[in-house]
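Trainee: The structure file coords29.cif (mmCIF, C-alpha atoms) is provided below.
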```cif
data_upload
loop_
_atom_site.label_atom_id
_atom_site.label_comp_id
_atom_site.auth_asym_id
_atom_site.auth_seq_id
_atom_site.Cartn_x
_atom_site.Cartn_y
_atom_site.Cartn_z
CA TYR A 1264 -60.22 59.08 62.43
CA ARG A 1265 -62.03 62.40 62.81
CA ALA A 1266 -60.22 65.75 62.96
CA PRO A 1267 -61.16 68.17 65.77
CA TRP A 1268 -63.70 70.81 64.81
CA TRP A 1269 -61.19 73.59 65.40
CA LEU A 1270 -58.75 72.24 62.80
CA PRO A 1271 -60.53 72.18 59.41
CA GLY A 1272 -58.91 71.44 56.07
CA GLY A 1273 -56.02 69.30 54.87
CA HIS A 1274 -53.47 72.11 54.68
CA LEU A 1275 -54.13 73.29 58.23
CA GLN A 1276 -54.08 69.75 59.59
CA THR A 1277 -50.78 69.10 57.81
CA LEU A 1278 -49.00 72.25 58.94
CA TYR A 1279 -50.41 72.32 62.47
CA SER A 1280 -49.25 68.77 63.15
CA ALA A 1281 -45.73 69.47 61.90
CA LEU A 1282 -45.20 72.94 63.35
CA VAL A 1283 -47.37 73.22 66.47
CA ALA A 1284 -48.44 69.83 67.82
CA LYS A 1285 -44.98 68.26 67.62
CA PRO A 1286 -44.31 66.24 70.80
CA ARG A 1287 -41.17 66.75 72.83
CA ARG A 1288 -38.09 64.89 71.67
CA LEU A 1289 -37.20 61.66 73.44
CA SER A 1290 -33.62 60.68 74.19
CA LEU A 1291 -32.62 58.15 71.51
CA ALA A 1292 -29.33 56.31 71.09
CA ARG A 1293 -27.59 56.68 67.71
CA THR A 1294 -25.52 54.14 65.85
CA ARG A 1295 -23.90 54.34 62.42
CA TRP A 1296 -24.15 51.57 59.87
CA GLU A 1297 -21.72 51.28 56.98
CA THR A 1298 -23.55 50.54 53.73
CA PRO A 1299 -22.43 47.85 51.25
CA ASP A 1300 -21.37 50.56 48.76
CA GLY A 1301 -19.11 52.45 51.16
CA ASP A 1302 -21.54 55.03 52.48
CA PHE A 1303 -23.30 55.25 55.84
CA VAL A 1304 -26.71 55.63 57.46
CA ASP A 1305 -27.43 56.70 61.03
CA VAL A 1306 -30.06 54.91 63.11
CA ASP A 1307 -31.73 56.32 66.23
CA TRP A 1308 -32.97 53.75 68.75
CA LEU A 1309 -35.66 53.67 71.42
CA ASP A 1310 -34.69 51.03 73.96
CA GLY A 1311 -37.11 48.63 75.62
CA PRO A 1312 -37.39 45.07 76.90
CA ALA A 1313 -35.11 42.73 74.97
CA ASP A 1314 -37.99 40.50 73.89
CA ALA A 1315 -40.34 43.38 72.96
CA PRO A 1316 -41.40 43.90 69.33
CA LEU A 1317 -39.18 46.24 67.32
CA VAL A 1318 -40.88 48.83 65.08
CA VAL A 1319 -38.77 50.44 62.35
CA LEU A 1320 -40.05 53.79 61.11
CA PHE A 1321 -38.89 55.04 57.69
CA HIS A 1322 -39.25 58.81 57.53
CA GLY A 1323 -40.51 61.07 54.76
CA LEU A 1324 -38.79 63.46 52.37
CA GLU A 1325 -36.18 65.50 54.28
CA GLY A 1326 -37.50 64.06 57.53
CA ASN A 1327 -35.58 62.56 60.44
CA ALA A 1328 -36.02 61.25 63.98
CA GLY A 1329 -37.01 64.75 65.08
CA SER A 1330 -39.98 64.94 62.70
CA HIS A 1331 -43.35 65.26 64.41
CA TYR A 1332 -44.59 61.84 63.33
CA ALA A 1333 -41.34 60.14 64.43
CA ARG A 1334 -41.46 61.76 67.86
CA ALA A 1335 -45.11 60.78 68.26
CA MET A 1336 -44.37 57.20 67.21
CA MET A 1337 -41.51 56.84 69.67
CA HIS A 1338 -43.73 58.16 72.48
CA GLY A 1339 -46.39 55.64 71.51
CA LEU A 1340 -43.91 52.76 71.44
CA ARG A 1341 -42.50 53.70 74.82
CA ALA A 1342 -46.01 53.71 76.29
CA ALA A 1343 -46.59 50.24 74.82
CA ARG A 1344 -43.20 49.03 76.15
CA TRP A 1345 -42.07 48.22 72.63
CA ARG A 1346 -38.76 49.08 70.99
CA GLY A 1347 -38.34 51.50 68.10
CA ALA A 1348 -35.83 52.62 65.50
CA VAL A 1349 -35.68 55.48 63.01
CA PRO A 1350 -33.15 54.85 60.23
CA HIS A 1351 -32.13 58.02 58.44
CA PHE A 1352 -31.98 57.98 54.69
CA ARG A 1353 -28.64 59.16 53.35
CA SER A 1354 -27.83 62.78 54.28
CA CYS A 1355 -30.90 63.13 56.55
CA SER A 1356 -29.20 62.65 59.94
CA GLY A 1357 -27.45 66.02 59.95
CA GLU A 1358 -24.34 64.96 58.05
CA LEU A 1359 -23.94 64.79 54.28
CA ASN A 1360 -23.46 61.28 52.99
CA ARG A 1361 -20.21 60.32 51.27
CA LEU A 1362 -21.42 59.35 47.81
CA PRO A 1363 -23.09 61.40 45.07
CA ARG A 1364 -26.28 59.34 45.37
CA ALA A 1365 -28.86 60.25 47.98
CA TYR A 1366 -32.30 58.64 48.50
CA HIS A 1367 -35.62 58.57 46.68
CA SER A 1368 -39.22 57.32 46.82
CA GLY A 1369 -38.44 54.07 45.04
CA ASP A 1370 -35.32 53.14 46.99
CA SER A 1371 -36.59 49.67 47.86
CA ALA A 1372 -33.12 48.13 47.75
CA GLU A 1373 -32.10 50.40 50.61
CA ILE A 1374 -35.24 49.39 52.53
CA GLY A 1375 -34.44 45.71 52.05
CA TRP A 1376 -30.83 46.10 53.17
CA MET A 1377 -31.88 48.02 56.27
CA LEU A 1378 -34.58 45.52 57.23
CA ALA A 1379 -32.06 42.70 56.99
CA ARG A 1380 -29.91 44.52 59.53
CA PHE A 1381 -32.91 45.25 61.73
CA GLY A 1382 -33.82 41.56 61.62
CA GLU A 1383 -30.51 40.85 63.32
CA ALA A 1384 -31.10 43.65 65.85
CA ALA A 1385 -34.56 42.30 66.73
CA ARG A 1386 -32.86 39.23 68.25
CA GLY A 1387 -35.77 36.93 67.54
CA ALA A 1388 -38.49 39.36 68.64
CA PRO A 1389 -41.21 40.38 66.16
CA LEU A 1390 -40.07 43.00 63.63
CA PHE A 1391 -42.54 45.49 62.17
CA ALA A 1392 -41.93 48.14 59.52
CA ALA A 1393 -43.75 51.45 59.11
CA GLY A 1394 -43.16 54.24 56.62
CA ILE A 1395 -44.36 57.81 56.43
CA SER A 1396 -44.80 59.60 53.08
CA LEU A 1397 -41.69 58.88 50.95
CA GLY A 1398 -40.64 56.17 53.39
CA GLY A 1399 -44.07 54.58 53.11
CA ASN A 1400 -43.92 54.51 49.32
CA ALA A 1401 -40.47 52.90 49.31
CA LEU A 1402 -41.57 50.35 51.91
CA LEU A 1403 -44.68 49.37 49.94
CA LYS A 1404 -42.59 49.00 46.79
CA TRP A 1405 -40.18 46.68 48.63
CA LEU A 1406 -43.06 44.63 50.00
CA GLY A 1407 -44.56 44.20 46.54
CA GLU A 1408 -41.25 43.35 44.90
CA THR A 1409 -40.32 40.87 47.62
CA GLY A 1410 -43.67 39.08 47.80
CA ASP A 1411 -43.77 35.97 49.99
CA ALA A 1412 -40.12 36.37 50.96
CA ALA A 1413 -40.94 39.57 52.87
CA ARG A 1414 -42.47 37.38 55.58
CA GLU A 1415 -38.95 36.26 56.46
CA ARG A 1416 -38.12 39.87 57.41
CA VAL A 1417 -41.23 41.48 58.90
CA VAL A 1418 -44.39 40.32 60.63
CA ALA A 1419 -46.50 43.23 59.33
CA ALA A 1420 -46.13 46.70 57.83
CA ALA A 1421 -47.86 50.08 57.67
CA ALA A 1422 -47.59 52.96 55.21
CA ILE A 1423 -48.99 56.35 56.19
CA SER A 1424 -49.64 59.24 53.77
CA ALA A 1425 -47.57 57.51 51.09
CA PRO A 1426 -47.53 59.28 47.69
CA LEU A 1427 -48.76 56.14 45.96
CA ASP A 1428 -48.86 57.87 42.56
CA LEU A 1429 -45.70 59.96 42.36
CA ALA A 1430 -46.65 61.80 39.17
CA ALA A 1431 -49.99 62.84 40.66
CA GLY A 1432 -48.33 63.82 43.92
CA SER A 1433 -45.70 65.90 42.19
CA ALA A 1434 -48.37 67.74 40.21
CA ALA A 1435 -50.48 68.29 43.34
CA ILE A 1436 -47.81 70.24 45.22
CA GLU A 1437 -47.10 72.49 42.25
CA ARG A 1438 -50.42 74.30 42.52
CA GLY A 1439 -51.68 77.10 44.73
CA PHE A 1440 -51.02 76.94 48.45
CA SER A 1441 -49.29 73.57 48.05
CA MET A 1442 -46.29 75.34 46.55
CA LEU A 1443 -45.41 76.14 50.16
CA TYR A 1444 -44.44 72.50 50.66
CA THR A 1445 -42.34 72.55 47.51
CA ARG A 1446 -40.43 75.59 48.74
CA MET A 1447 -39.86 73.92 52.12
CA PHE A 1448 -38.46 70.76 50.55
CA LEU A 1449 -36.34 72.54 47.96
CA SER A 1450 -34.79 74.83 50.55
CA THR A 1451 -32.97 71.90 52.19
CA LEU A 1452 -32.53 69.78 49.07
CA LYS A 1453 -30.80 72.60 47.23
CA ARG A 1454 -28.37 73.14 50.10
CA LYS A 1455 -27.44 69.48 50.09
CA ILE A 1456 -26.93 69.43 46.33
CA ALA A 1457 -24.76 72.56 46.54
CA ALA A 1458 -22.62 70.80 49.15
CA LYS A 1459 -22.40 67.69 46.95
CA ALA A 1460 -21.38 69.86 44.00
CA ARG A 1461 -18.51 71.30 46.03
CA ARG A 1462 -17.43 67.82 47.08
CA HIS A 1463 -17.97 65.81 43.93
CA GLY A 1464 -18.10 68.28 41.04
CA PRO A 1465 -19.89 67.09 37.88
CA PRO A 1466 -22.57 65.85 37.27
CA PHE A 1467 -23.91 68.44 39.72
CA ASP A 1468 -24.73 71.75 38.09
CA ALA A 1469 -25.17 73.89 41.21
CA PRO A 1470 -26.32 77.10 39.46
CA ARG A 1471 -28.94 75.17 37.49
CA VAL A 1472 -30.17 73.41 40.64
CA ALA A 1473 -30.41 76.76 42.43
CA ARG A 1474 -32.92 77.95 39.81
CA LEU A 1475 -35.28 74.97 40.19
CA ARG A 1476 -38.79 75.89 41.30
CA THR A 1477 -40.74 72.59 41.38
CA MET A 1478 -40.19 69.07 42.66
CA ARG A 1479 -40.67 67.72 39.15
CA GLU A 1480 -37.79 69.87 37.95
CA PHE A 1481 -35.67 68.63 40.85
CA ASP A 1482 -36.54 65.02 40.05
CA GLU A 1483 -35.76 65.57 36.36
CA ILE A 1484 -32.40 67.26 36.95
CA VAL A 1485 -31.21 65.58 40.16
CA THR A 1486 -33.15 62.54 41.43
CA ALA A 1487 -33.51 60.70 38.13
CA PRO A 1488 -29.94 60.88 36.79
CA LEU A 1489 -28.40 60.29 40.22
CA HIS A 1490 -30.32 57.06 40.73
CA GLY A 1491 -30.41 55.46 37.29
CA PHE A 1492 -33.67 56.78 35.84
CA GLU A 1493 -34.08 58.30 32.38
CA GLY A 1494 -36.00 61.28 33.72
CA ALA A 1495 -38.79 62.28 36.07
CA ASP A 1496 -41.46 60.36 34.12
CA ASP A 1497 -39.39 57.17 34.25
CA TYR A 1498 -38.69 57.69 37.95
CA TYR A 1499 -42.36 58.22 38.77
CA ALA A 1500 -43.54 55.27 36.68
CA ARG A 1501 -41.05 52.79 38.09
CA SER A 1502 -41.15 53.96 41.71
CA SER A 1503 -44.85 54.59 42.46
CA ALA A 1504 -46.05 52.08 45.06
CA ARG A 1505 -49.55 51.90 43.61
CA GLY A 1506 -48.46 49.34 41.03
CA PHE A 1507 -47.01 47.04 43.69
CA LEU A 1508 -49.97 46.83 46.08
CA GLY A 1509 -51.41 43.72 44.46
CA ALA A 1510 -48.22 41.73 45.04
CA ILE A 1511 -47.89 42.34 48.80
CA ARG A 1512 -47.96 39.15 50.88
CA VAL A 1513 -47.44 40.60 54.37
CA PRO A 1514 -50.31 42.06 56.45
CA THR A 1515 -50.07 45.76 55.60
CA LEU A 1516 -52.01 48.85 56.62
CA VAL A 1517 -52.20 51.62 54.01
CA LEU A 1518 -53.59 54.81 55.54
CA ASN A 1519 -54.15 57.93 53.41
CA ALA A 1520 -56.43 60.82 54.27
CA GLN A 1521 -58.74 61.94 51.48
CA ASN A 1522 -57.75 65.56 52.09
CA ASP A 1523 -54.02 64.92 51.93
CA PRO A 1524 -52.64 67.84 49.87
CA PHE A 1525 -49.79 65.61 48.64
CA LEU A 1526 -52.10 63.09 46.94
CA PRO A 1527 -55.63 64.00 45.81
CA ALA A 1528 -58.32 61.47 46.78
CA ARG A 1529 -59.07 60.64 43.14
CA HIS A 1530 -55.62 59.04 42.88
CA LEU A 1531 -56.11 56.65 45.79
CA PRO A 1532 -56.17 52.98 44.74
CA ALA A 1533 -59.33 50.97 44.29
CA VAL A 1534 -59.94 47.82 46.33
CA THR A 1535 -59.38 45.76 43.18
CA GLU A 1536 -55.76 46.96 43.08
CA LEU A 1537 -54.95 45.54 46.51
CA SER A 1538 -53.87 42.09 47.55
CA GLN A 1539 -55.86 40.32 50.25
CA PHE A 1540 -53.09 41.22 52.72
CA VAL A 1541 -53.58 44.99 52.36
CA THR A 1542 -55.95 46.95 54.58
CA LEU A 1543 -56.75 50.32 53.01
CA GLU A 1544 -58.08 53.09 55.24
CA THR A 1545 -58.97 56.47 53.73
CA PRO A 1546 -60.44 58.76 56.40
CA ARG A 1547 -61.98 61.97 55.09
CA GLN A 1548 -59.58 64.11 57.12
CA GLY A 1549 -56.07 64.00 58.50
CA GLY A 1550 -54.02 65.93 55.97
CA HIS A 1551 -50.52 64.71 55.22
CA ALA A 1552 -49.19 62.79 58.24
CA GLY A 1553 -51.36 65.02 60.41
CA PHE A 1554 -54.12 63.22 62.35
CA VAL A 1555 -54.37 65.66 65.24
CA THR A 1556 -56.93 64.76 67.90
CA GLY A 1557 -58.24 66.09 71.20
CA PRO A 1558 -59.33 69.50 72.45
CA PHE A 1559 -57.19 72.51 71.65
CA PRO A 1560 -54.16 72.50 71.38
CA GLY A 1561 -54.49 68.85 70.37
CA HIS A 1562 -52.02 65.98 70.25
CA LEU A 1563 -50.62 63.37 67.84
CA ARG A 1564 -51.31 60.17 69.78
CA TRP A 1565 -53.97 58.78 67.42
CA LEU A 1566 -51.63 57.66 64.64
CA PRO A 1567 -49.12 55.75 66.80
CA ARG A 1568 -52.01 54.04 68.55
CA ARG A 1569 -53.57 53.04 65.23
CA ILE A 1570 -50.29 51.60 63.93
CA ILE A 1571 -49.51 49.75 67.14
CA ALA A 1572 -53.06 48.39 67.30
CA PHE A 1573 -52.75 47.06 63.75
CA PHE A 1574 -49.39 45.45 64.50
CA SER A 1575 -50.78 43.96 67.72
CA THR A 1576 -53.38 42.02 65.74
CA GLN A 1577 -50.52 40.08 64.15
CA LEU A 1578 -49.12 38.96 67.52
CA PRO A 1579 -50.20 36.17 69.86
CA ALA A 1580 -52.55 37.56 72.49
CA SER A 1581 -49.87 37.25 75.18
CA GLU A 1582 -47.53 39.59 73.26
CA SER A 1583 -50.02 42.29 72.24
CA ALA A 1584 -49.56 45.88 73.36
CA PRO A 1585 -51.52 46.93 76.45
#
```
Would you give me this structure, written as structure tokens?
Mentor:
Amino acid sequence: YRAPWWLPGGHLQTLYSALVAKPRRLSLARTRWETPDGDFVDVDWLDGPADAPLVVLFHGLEGNAGSHYARAMMHGLRAARWRGAVPHFRSCSGELNRLPRAYHSGDSAEIGWMLARFGEAARGAPLFAAGISLGGNALLKWLGETGDAARERVVAAAAISAPLDLAAGSAAIERGFSMLYTRMFLSTLKRKIAAKARRHGPPFDAPRVARLRTMREFDEIVTAPLHGFEGADDYYARSSARGFLGAIRVPTLVLNAQNDPFLPARHLPAVTELSQFVTLETPRQGGHAGFVTGPFPGHLRWLPRRIIAFFSTQLPASESAP
């Protein structure tokens, strides 16, 4: 990948892709799945031929099917005549989930449960899994934890702009211009926690949450206790995908730009940390889930094409995307 000359720098590539280059929204069908613990998740579907591969895209923090990368992926899948699905993590589909718990970067159990359901929906066709940012980290963690058994669920996987080292990523967006991302995330997270506090009461301390200024503080006060961690350090240590890359047994693409403001290049894994099934690509540019290409005003078709091309290599030649 090479960024266009008119779009220099990781921050600009990140923001431009999300705010300016976002493709138009496709019409997707929505279904609701009841979770084993009495909650729900909403899934948006891109239809296609019944025997076409199905690609599941797990979104990033506070993302959804309308996020720029999700729209671009669905456009790419439609062009390839493949099927697609965007499952929404709890409370990300526009409606607050029922339980106090929400979602987090290490929520591999949720990934596994969803992929089991998607295996049924694939109806014998190849099933692929992709994750962006938080969704990519959780997917990689599931792949590493599941090992050889993951082959029973998915043919191949891809993780894009995953915060492979959560502690390093949290620290990175607490400095300088990157605080803009923190403010963007906290603006929606705080509203959801305030709504949960009104619905559930303790352990939510709404006034305290309202004063939080960093993602680490949010993870310490909200994410960790809600999901069984002792604190932010415990959450980061146990949930970072970097420690699971050596145990992956499914062909997996890991794609992180070196100028991603969410994860400095020095924290990218070394080849020795990867299993033989992992393909690591670290282009110099691209920002965080950016990867804009073409003459001004640019487009986001490169990333879907790269993911689909990687998945196509795992199919018989007769089933590969055109």
Trainee: Name the residues that the PyMOL selection byres ((chain A and resi 1482-1493) around 9) picks from the file above, as a list in words, using the file's chain letters and numbers.
Mentor: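 Selected by the PyMOL selection byres ((chain A and resi 1482-1493) around 9) here: Pro1363, Arg1364, Ala1365, Tyr1366, His1367, Asp1370, Ile1456, Pro1466, Phe1467, Asp1468, Arg1471, Val1472, Leu1475, Thr1477, Met1478, Arg1479, Glu1480, Phe1481, Gly1494, Ala1495, Asp1496, Asp1497, Tyr1498 and Arg1501 of chain A.
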Trainee: Near A:Thr1545, within 6 Å and counting all atoms listed in the file, which residues show up once chain neighbours fewer than 4 positions away are dropped, as JSON, numbers by chain?
Mentor: {"A": [1518, 1519, 1520, 1521]}
Trainee: The PyMOL selection byres ((chain A and resi 1301) around 12) on the file shown: which residues, as a list in words?
Mentor: Trp1296, Glu1297, Thr1298, Pro1299, Asp1300, Asp1302, Phe1303, Val1304, Arg1353, Asn1360, Arg1361, Leu1362, Pro1363 and Arg1364 of chain A
Trainee: Per residue of stretch 1366-1416 of chain A within 10 Å of stretch 1556-1580 of chain A, what are the shortest atom pair and its distance in Å to one decimal, counting only C-alpha atoms, with rows by chain and residue number, as a tab-separated table?
Mentor:
```
residue	atom	partner	partner_atom	distance
A:Pro1389	CA	A:Leu1578	CA	8.2
A:Leu1390	CA	A:Phe1574	CA	9.7
A:Phe1391	CA	A:Phe1574	CA	7.2
A:Ala1392	CA	A:Phe1574	CA	9.4
A:Ala1393	CA	A:Ile1570	CA	8.1
```
Trainee: Hey, can you check how far atom CA of A:Trp1345 sits from atom CA of A:Leu1320?
Mentor: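 It comes out at 13.0 Å.
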Trainee: Output stretch 1544-1555 of chain A as a tab-separated table (two decimals), keeping the file's coordinate frame, making sure all heavy atoms are there.
Mentor:
```tsv
chain	number	residue	atom	x	y	z
A	1544	GLU	N	-57.24	52.18	54.48
A	1544	GLU	CA	-58.08	53.09	55.24
A	1544	GLU	C	-57.90	54.50	54.69
A	1544	GLU	O	-56.78	54.98	54.60
A	1544	GLU	CB	-57.73	53.05	56.73
A	1544	GLU	CG	-58.01	51.69	57.37
A	1544	GLU	CD	-57.74	51.67	58.86
A	1544	GLU	OE1	-57.34	52.72	59.41
A	1544	GLU	OE2	-57.91	50.59	59.48
A	1545	THR	N	-59.02	55.13	54.33
A	1545	THR	CA	-58.97	56.47	53.73
A	1545	THR	C	-59.92	57.40	54.46
A	1545	THR	O	-60.98	57.75	53.94
A	1545	THR	CB	-59.32	56.42	52.23
A	1545	THR	OG1	-60.64	55.87	52.07
A	1545	THR	CG2	-58.32	55.57	51.46
A	1546	PRO	N	-59.57	57.83	55.68
A	1546	PRO	CA	-60.44	58.76	56.40
A	1546	PRO	C	-60.60	60.07	55.63
A	1546	PRO	O	-59.71	60.46	54.87
A	1546	PRO	CB	-59.70	58.97	57.72
A	1546	PRO	CG	-58.28	58.61	57.44
A	1546	PRO	CD	-58.33	57.52	56.41
A	1547	ARG	N	-61.70	60.73	55.82
A	1547	ARG	CA	-61.98	61.97	55.09
A	1547	ARG	C	-60.99	63.07	55.44
A	1547	ARG	O	-60.69	63.93	54.62
A	1547	ARG	CB	-63.40	62.45	55.37
A	1547	ARG	CG	-64.49	61.53	54.81
A	1547	ARG	CD	-65.87	62.08	55.12
A	1547	ARG	NE	-66.05	63.42	54.56
A	1547	ARG	CZ	-67.10	64.19	54.80
A	1547	ARG	NH1	-68.05	63.78	55.63
A	1547	ARG	NH2	-67.20	65.38	54.25
A	1548	GLN	N	-60.47	63.05	56.66
A	1548	GLN	CA	-59.58	64.11	57.12
A	1548	GLN	C	-58.28	63.54	57.68
A	1548	GLN	O	-58.14	62.33	57.83
A	1548	GLN	CB	-60.29	64.96	58.19
A	1548	GLN	CG	-61.59	65.57	57.71
A	1548	GLN	CD	-62.21	66.44	58.78
A	1548	GLN	OE1	-61.66	67.46	59.17
A	1548	GLN	NE2	-63.38	66.05	59.26
A	1549	GLY	N	-57.36	64.42	57.96
A	1549	GLY	CA	-56.07	64.00	58.50
A	1549	GLY	C	-54.90	64.71	57.86
A	1549	GLY	O	-53.81	64.77	58.42
A	1550	GLY	N	-55.12	65.24	56.64
A	1550	GLY	CA	-54.02	65.93	55.97
A	1550	GLY	C	-52.89	64.98	55.63
A	1550	GLY	O	-53.09	63.77	55.47
A	1551	HIS	N	-51.69	65.52	55.52
A	1551	HIS	CA	-50.52	64.71	55.22
A	1551	HIS	C	-49.76	64.44	56.52
A	1551	HIS	O	-49.16	65.34	57.10
A	1551	HIS	CB	-49.61	65.45	54.22
A	1551	HIS	CG	-48.46	64.59	53.75
A	1551	HIS	ND1	-48.63	63.60	52.82
A	1551	HIS	CD2	-47.14	64.58	54.11
A	1551	HIS	CE1	-47.46	63.02	52.59
A	1551	HIS	NE2	-46.55	63.59	53.38
A	1552	ALA	N	-49.85	63.20	56.98
A	1552	ALA	CA	-49.19	62.79	58.24
A	1552	ALA	C	-49.60	63.71	59.39
A	1552	ALA	O	-48.78	64.06	60.23
A	1552	ALA	CB	-47.68	62.78	58.07
A	1553	GLY	N	-50.86	64.11	59.39
A	1553	GLY	CA	-51.36	65.02	60.41
A	1553	GLY	C	-52.05	64.27	61.54
A	1553	GLY	O	-51.43	63.91	62.53
A	1554	PHE	N	-53.35	64.03	61.41
A	1554	PHE	CA	-54.12	63.22	62.35
A	1554	PHE	C	-54.06	63.74	63.78
A	1554	PHE	O	-53.83	62.98	64.74
A	1554	PHE	CB	-53.68	61.76	62.27
A	1554	PHE	CG	-53.76	61.19	60.87
A	1554	PHE	CD1	-52.62	61.01	60.10
A	1554	PHE	CD2	-54.99	60.88	60.32
A	1554	PHE	CE1	-52.69	60.51	58.81
A	1554	PHE	CE2	-55.08	60.37	59.03
A	1554	PHE	CZ	-53.93	60.20	58.27
A	1555	VAL	N	-54.28	65.04	63.92
A	1555	VAL	CA	-54.37	65.66	65.24
A	1555	VAL	C	-55.71	65.30	65.88
A	1555	VAL	O	-56.73	65.24	65.20
A	1555	VAL	CB	-54.26	67.20	65.13
A	1555	VAL	CG1	-54.39	67.86	66.50
A	1555	VAL	CG2	-52.93	67.57	64.47
```
